[in-house]
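Q: Have a look at this one before I ask anything.
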Amino acid sequence: MGKIYGIGVGPGDPELLTLKAKKILDSADIVAVPVKEEGEYSTALEIIRPVVDLDRKEIMEVVFRMHPDEEERKKCRQAACELLADELRKGKDIAMITLGDVSVYSTYMYVNDYLAAEGFETEIIPGIPSFCSGAARAQVALMEGNEALAIVPSARENAALKTAFDSFENIVVMKAGNSIGKLQQMMEERDIPLSHATVLSRVGMEDEYIGPLDTDREYSYFTTVIIKKEGK
Ligand SMILES: C[S@@+](CC[C@H](N)C(=O)[O-])C[C@H]1O[C@@H](n2cnc3c(N)ncnc32)[C@H](O)[C@@H]1O
């Protein structure tokens, strides 16, 4: 039986791939690439391309459709896991790549749980999460001393964001591309200076933007915001 690895490849810069991730990617028979539809561009695959010899690998797209119906999504995930299980039964080792770290909003955790429950050997190799990489690029601390940090998924989720503003010194807002205006408004309502927010967009990728909230800019899906209520 083969083994499946969930590999965090970091947020963009191939040099942030860990030595362990590279070693496993080099030795795996199959690199599995999660996509929402066949033929979709994969940022994770582009991250490893300069450092892993993909010509010698079988690349397997694994489709996880974002169907509005939860039952349909579940069926799709199960079908994807069964395809992976077929390859594991043939004795092939699979490295399934994921952007950033595997434990942060990644479909791989479902795959891991499913295949482990089926009796397959699984292992997770952590990657550098986008918000840690972004904090480093912006040269800000995510928390210091006894401070706490809340990580919330986009300003559209108002309740979580309000709790974060009320109870935490530091907030990381992920999936924030469409929420920059909303964040600005919430900070103004709470008298938090806008200079206390740093936008991290496409960190480690071409056209990276690290700077203040700027509602005149368009932001991609790969956008995260760090808000430090008390400032730097
Ligand atoms: C589905 S989550 C994946 C998170 C990823 N597993 C991690 O550890 O960062 C996608 C979100 O991660 C953040 N993200 C991922 N890559 C990024 C990058 N290069 N620059 C800024 N934010 C990024 C954005 O907030 C994006 O909406």
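In the structure tokens, the first chain shown is A, the next is B, and so on; residue numbers restart at 1 for each chain, and ligands run from 1 in the order shown.
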What's the 9 Å shell around Ala32 of chain A, counting only C-alpha atoms, without same-chain residues fewer than 5 positions away, as a VMD selection string?
A: chain A and resid 58 to 62 84 94 to 97
Q: Could you save those same residues with N, CA and C atoms as an mmCIF file, in the first residue's frame?
A:
data_model
loop_
_atom_site.group_PDB
_atom_site.id
_atom_site.type_symbol
_atom_site.label_atom_id
_atom_site.label_comp_id
_atom_site.auth_asym_id
_atom_site.auth_seq_id
_atom_site.Cartn_x
_atom_site.Cartn_y
_atom_site.Cartn_z
ATOM 1 N N GLU A 58 3.837 11.783 -11.968
ATOM 2 C CA GLU A 58 2.465 11.742 -12.442
ATOM 3 C C GLU A 58 1.724 12.867 -11.702
ATOM 4 N N ILE A 59 1.120 13.777 -12.460
ATOM 5 C CA ILE A 59 0.353 14.858 -11.812
ATOM 6 C C ILE A 59 -1.120 14.450 -11.864
ATOM 7 N N MET A 60 -1.752 14.436 -10.722
ATOM 8 C CA MET A 60 -3.152 13.992 -10.673
ATOM 9 C C MET A 60 -4.023 15.136 -10.158
ATOM 10 N N GLU A 61 -4.899 15.616 -11.020
ATOM 11 C CA GLU A 61 -5.851 16.640 -10.560
ATOM 12 C C GLU A 61 -6.907 15.965 -9.696
ATOM 13 N N VAL A 62 -7.206 16.558 -8.578
ATOM 14 C CA VAL A 62 -8.256 16.005 -7.724
ATOM 15 C C VAL A 62 -9.332 17.090 -7.603
ATOM 16 N N LEU A 84 -8.008 8.641 -5.078
ATOM 17 C CA LEU A 84 -6.706 8.608 -4.403
ATOM 18 C C LEU A 84 -6.466 7.229 -3.785
ATOM 19 N N ILE A 94 1.629 9.221 -2.606
ATOM 20 C CA ILE A 94 1.021 10.441 -3.149
ATOM 21 C C ILE A 94 1.390 11.625 -2.263
ATOM 22 N N ALA A 95 1.812 12.723 -2.910
ATOM 23 C CA ALA A 95 2.013 13.986 -2.179
ATOM 24 C C ALA A 95 0.927 14.951 -2.659
ATOM 25 N N MET A 96 0.005 15.283 -1.779
ATOM 26 C CA MET A 96 -1.059 16.219 -2.168
ATOM 27 C C MET A 96 -0.692 17.612 -1.663
ATOM 28 N N ILE A 97 -0.579 18.536 -2.590
ATOM 29 C CA ILE A 97 -0.065 19.857 -2.230
ATOM 30 C C ILE A 97 -1.192 20.813 -1.830
#
Q: Please extract the residues at most 6 Å from ligand 1, counting only C-alpha atoms and all ligand atoms, and provide them as a list in words, using the chain letters and residue numbers of this document.
A: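 I would give the residues around ligand 1 as Pro11, Gly12, Leu99, Gly100, Asp101, Val102, Val104, Tyr105, Ser106, Pro129, Ser130, Met174, Lys175, Ala176, Leu200, Ser201, Arg202, Val203, Gly204, Tyr221, Phe222, Thr223 and Thr224 of chain A.
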Q: Based on the selection just made, write N, CA and C atoms of those residues as a short mmCIF file (atom, residue, chain, number, x, y, z; two decimals), in the first residue's frame.
A:
data_model
loop_
_atom_site.label_atom_id
_atom_site.label_comp_id
_atom_site.auth_asym_id
_atom_site.auth_seq_id
_atom_site.Cartn_x
_atom_site.Cartn_y
_atom_site.Cartn_z
N PRO A 11 3.12 30.13 0.95
CA PRO A 11 2.15 31.00 0.30
C PRO A 11 2.52 31.51 -1.09
N GLY A 12 3.75 31.30 -1.56
CA GLY A 12 4.05 31.86 -2.89
C GLY A 12 5.50 31.71 -3.30
N LEU A 99 -1.73 25.12 -0.59
CA LEU A 99 -1.12 26.45 -0.43
C LEU A 99 -0.92 26.76 1.06
N GLY A 100 0.19 27.38 1.41
CA GLY A 100 0.40 27.77 2.80
C GLY A 100 0.58 26.55 3.68
N ASP A 101 -0.17 26.52 4.78
CA ASP A 101 -0.12 25.38 5.69
C ASP A 101 -1.37 24.52 5.53
N VAL A 102 -1.21 23.24 5.82
CA VAL A 102 -2.29 22.27 5.60
C VAL A 102 -3.43 22.44 6.61
N VAL A 104 -4.68 25.16 7.77
CA VAL A 104 -5.39 26.45 7.66
C VAL A 104 -6.28 26.45 6.41
N TYR A 105 -7.58 26.26 6.60
CA TYR A 105 -8.55 26.29 5.49
C TYR A 105 -8.11 25.44 4.30
N SER A 106 -7.84 24.17 4.55
CA SER A 106 -7.39 23.34 3.42
C SER A 106 -8.26 22.11 3.28
N PRO A 129 2.28 29.38 6.84
CA PRO A 129 0.97 29.96 6.52
C PRO A 129 1.13 31.37 5.93
N SER A 130 0.18 31.74 5.11
CA SER A 130 0.27 33.03 4.41
C SER A 130 0.41 34.20 5.39
N MET A 174 -8.56 36.70 6.89
CA MET A 174 -8.21 35.96 5.69
C MET A 174 -9.35 36.09 4.67
N LYS A 175 -9.08 35.71 3.44
CA LYS A 175 -10.07 35.80 2.35
C LYS A 175 -10.64 37.20 2.29
N ALA A 176 -9.76 38.20 2.44
CA ALA A 176 -10.21 39.59 2.65
C ALA A 176 -10.29 40.41 1.36
N LEU A 200 -1.86 42.46 3.11
CA LEU A 200 -0.86 41.54 2.55
C LEU A 200 -1.53 40.86 1.36
N SER A 201 -1.18 41.27 0.17
CA SER A 201 -1.86 40.71 -0.99
C SER A 201 -0.86 40.03 -1.91
N ARG A 202 -1.15 38.79 -2.25
CA ARG A 202 -0.30 37.99 -3.16
C ARG A 202 1.14 37.96 -2.66
N VAL A 203 1.28 37.68 -1.37
CA VAL A 203 2.62 37.63 -0.76
C VAL A 203 3.48 36.58 -1.47
N GLY A 204 4.68 36.98 -1.84
CA GLY A 204 5.61 36.04 -2.47
C GLY A 204 5.30 35.76 -3.92
N TYR A 221 -8.08 37.28 -4.57
CA TYR A 221 -8.50 36.34 -3.52
C TYR A 221 -7.38 36.12 -2.50
N PHE A 222 -6.13 36.23 -2.96
CA PHE A 222 -4.99 35.98 -2.08
C PHE A 222 -4.65 37.22 -1.27
N THR A 223 -5.59 37.64 -0.47
CA THR A 223 -5.40 38.86 0.31
C THR A 223 -5.76 38.61 1.77
N THR A 224 -4.84 39.04 2.62
CA THR A 224 -4.99 38.87 4.07
C THR A 224 -4.71 40.23 4.69
#
Q: Do you know which residues are at most 12 Å from Met109 of chain A counting only C-alpha atoms, after dropping those on the same chain fewer than 3 positions away, and could you put them as a list in words?
A: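 Listed by chain and then number, they are Ile4, Tyr5, Gly6, Ile7, Gly8, Pro34, Arg77, Cys81, Met96, Ile97, Thr98, Asp101, Val102, Ser103, Val104, Tyr105, Ser106, Asn112, Asp113, Tyr114, Leu115, Ala116, Thr122, Glu123, Ile124, Ile125 and Pro126 of chain A.
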Q: Once DSSP has gone over the backbone, tell me which residues of segment 8-119 of chain A are in helix (DSSP H, G or I), as a PyMOL selection string.
A: chain A and resi 14-16+19-27+43-48+54-56+70-89+108-117
Q: Take the residues just selected and output them with N, CA and C atoms as a short mmCIF file (atom, residue, chain, number, x, y, z; two decimals), in the first residue's frame.
A:
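The resulting file, part_18.cif, is shown below:
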data_model
loop_
_atom_site.label_atom_id
_atom_site.label_comp_id
_atom_site.auth_asym_id
_atom_site.auth_seq_id
_atom_site.Cartn_x
_atom_site.Cartn_y
_atom_site.Cartn_z
N PRO A 14 8.78 29.97 -3.79
CA PRO A 14 9.23 28.56 -3.74
C PRO A 14 10.34 28.33 -2.73
N GLU A 15 11.12 29.36 -2.42
CA GLU A 15 12.20 29.17 -1.44
C GLU A 15 11.67 28.94 -0.03
N LEU A 16 10.39 29.17 0.18
CA LEU A 16 9.81 28.91 1.50
C LEU A 16 9.27 27.49 1.65
N LEU A 19 12.55 21.78 3.58
CA LEU A 19 13.40 20.71 3.05
C LEU A 19 12.63 19.39 3.04
N LYS A 20 11.82 19.21 4.09
CA LYS A 20 11.06 17.95 4.20
C LYS A 20 10.02 17.85 3.08
N ALA A 21 9.34 18.97 2.82
CA ALA A 21 8.35 18.96 1.74
C ALA A 21 9.03 18.62 0.42
N LYS A 22 10.17 19.22 0.18
CA LYS A 22 10.88 18.97 -1.10
C LYS A 22 11.29 17.50 -1.18
N LYS A 23 11.81 16.97 -0.08
CA LYS A 23 12.26 15.57 -0.08
C LYS A 23 11.10 14.63 -0.44
N ILE A 24 9.94 14.88 0.16
CA ILE A 24 8.80 14.00 -0.10
C ILE A 24 8.26 14.21 -1.52
N LEU A 25 8.24 15.46 -1.96
CA LEU A 25 7.78 15.72 -3.33
C LEU A 25 8.72 15.06 -4.34
N ASP A 26 10.02 15.07 -4.05
CA ASP A 26 10.98 14.44 -4.96
C ASP A 26 10.77 12.93 -5.04
N SER A 27 10.36 12.33 -3.91
CA SER A 27 10.31 10.86 -3.92
C SER A 27 8.90 10.31 -4.21
N THR A 43 -2.15 27.47 -8.05
CA THR A 43 -1.06 28.27 -7.48
C THR A 43 -0.06 27.36 -6.76
N ALA A 44 -0.57 26.36 -6.04
CA ALA A 44 0.33 25.47 -5.29
C ALA A 44 1.27 24.74 -6.25
N LEU A 45 0.74 24.31 -7.40
CA LEU A 45 1.59 23.61 -8.38
C LEU A 45 2.65 24.56 -8.93
N GLU A 46 2.27 25.80 -9.18
CA GLU A 46 3.25 26.76 -9.71
C GLU A 46 4.34 27.06 -8.68
N ILE A 47 3.98 26.98 -7.39
CA ILE A 47 5.00 27.23 -6.35
C ILE A 47 6.08 26.14 -6.38
N ILE A 48 5.66 24.89 -6.56
CA ILE A 48 6.69 23.82 -6.50
C ILE A 48 7.40 23.61 -7.83
N LEU A 54 8.97 18.03 -12.14
CA LEU A 54 7.62 17.49 -12.33
C LEU A 54 7.52 16.61 -13.58
N ASP A 55 8.52 16.72 -14.47
CA ASP A 55 8.48 15.88 -15.68
C ASP A 55 8.52 14.40 -15.33
N ARG A 56 9.12 14.08 -14.20
CA ARG A 56 9.24 12.67 -13.80
C ARG A 56 8.06 12.22 -12.94
N GLU A 70 -24.61 20.94 -0.04
CA GLU A 70 -23.61 20.26 0.81
C GLU A 70 -23.50 18.77 0.47
N GLU A 71 -24.67 18.14 0.19
CA GLU A 71 -24.65 16.70 -0.15
C GLU A 71 -23.81 16.45 -1.40
N GLU A 72 -24.00 17.34 -2.41
CA GLU A 72 -23.24 17.19 -3.67
C GLU A 72 -21.75 17.37 -3.40
N ARG A 73 -21.41 18.34 -2.55
CA ARG A 73 -19.99 18.57 -2.24
C ARG A 73 -19.39 17.33 -1.57
N LYS A 74 -20.21 16.74 -0.68
CA LYS A 74 -19.74 15.56 0.04
C LYS A 74 -19.49 14.40 -0.92
N LYS A 75 -20.44 14.20 -1.86
CA LYS A 75 -20.29 13.13 -2.85
C LYS A 75 -19.01 13.32 -3.65
N CYS A 76 -18.79 14.58 -4.04
CA CYS A 76 -17.61 14.90 -4.86
C CYS A 76 -16.33 14.62 -4.06
N ARG A 77 -16.33 15.00 -2.79
CA ARG A 77 -15.14 14.77 -1.96
C ARG A 77 -14.87 13.27 -1.81
N GLN A 78 -15.98 12.50 -1.62
CA GLN A 78 -15.81 11.04 -1.47
C GLN A 78 -15.25 10.43 -2.74
N ALA A 79 -15.78 10.89 -3.89
CA ALA A 79 -15.31 10.35 -5.17
C ALA A 79 -13.82 10.67 -5.34
N ALA A 80 -13.43 11.88 -4.95
CA ALA A 80 -12.02 12.28 -5.06
C ALA A 80 -11.15 11.38 -4.17
N CYS A 81 -11.63 11.13 -2.96
CA CYS A 81 -10.86 10.30 -2.03
C CYS A 81 -10.75 8.87 -2.56
N GLU A 82 -11.81 8.37 -3.20
CA GLU A 82 -11.75 7.00 -3.73
C GLU A 82 -10.74 6.89 -4.86
N LEU A 83 -10.64 7.94 -5.69
CA LEU A 83 -9.62 7.93 -6.76
C LEU A 83 -8.22 7.85 -6.15
N LEU A 84 -8.01 8.64 -5.08
CA LEU A 84 -6.71 8.61 -4.40
C LEU A 84 -6.47 7.23 -3.79
N ALA A 85 -7.53 6.65 -3.19
CA ALA A 85 -7.40 5.33 -2.56
C ALA A 85 -7.01 4.28 -3.59
N ASP A 86 -7.56 4.37 -4.80
CA ASP A 86 -7.21 3.41 -5.86
C ASP A 86 -5.71 3.42 -6.12
N GLU A 87 -5.14 4.62 -6.15
CA GLU A 87 -3.69 4.74 -6.42
C GLU A 87 -2.88 4.20 -5.24
N LEU A 88 -3.36 4.48 -4.03
CA LEU A 88 -2.64 3.98 -2.83
C LEU A 88 -2.65 2.45 -2.82
N ARG A 89 -3.78 1.86 -3.23
CA ARG A 89 -3.86 0.38 -3.28
C ARG A 89 -2.86 -0.20 -4.27
N TYR A 108 -7.35 19.41 2.20
CA TYR A 108 -6.60 18.18 2.46
C TYR A 108 -7.02 17.51 3.77
N MET A 109 -7.42 18.26 4.77
CA MET A 109 -7.75 17.64 6.05
C MET A 109 -8.90 16.64 5.91
N TYR A 110 -9.84 16.96 5.03
CA TYR A 110 -10.93 16.01 4.77
C TYR A 110 -10.37 14.71 4.18
N VAL A 111 -9.48 14.88 3.20
CA VAL A 111 -8.86 13.72 2.53
C VAL A 111 -8.11 12.87 3.56
N ASN A 112 -7.36 13.56 4.40
CA ASN A 112 -6.56 12.87 5.41
C ASN A 112 -7.45 12.03 6.34
N ASP A 113 -8.52 12.65 6.82
CA ASP A 113 -9.42 11.94 7.75
C ASP A 113 -10.07 10.75 7.06
N TYR A 114 -10.51 10.96 5.82
CA TYR A 114 -11.21 9.90 5.08
C TYR A 114 -10.28 8.71 4.86
N LEU A 115 -9.07 9.00 4.37
CA LEU A 115 -8.16 7.90 4.00
C LEU A 115 -7.58 7.22 5.25
N ALA A 116 -7.37 7.99 6.32
CA ALA A 116 -6.89 7.38 7.57
C ALA A 116 -7.96 6.43 8.10
N ALA A 117 -9.24 6.85 8.01
CA ALA A 117 -10.33 5.99 8.49
C ALA A 117 -10.44 4.72 7.65
#
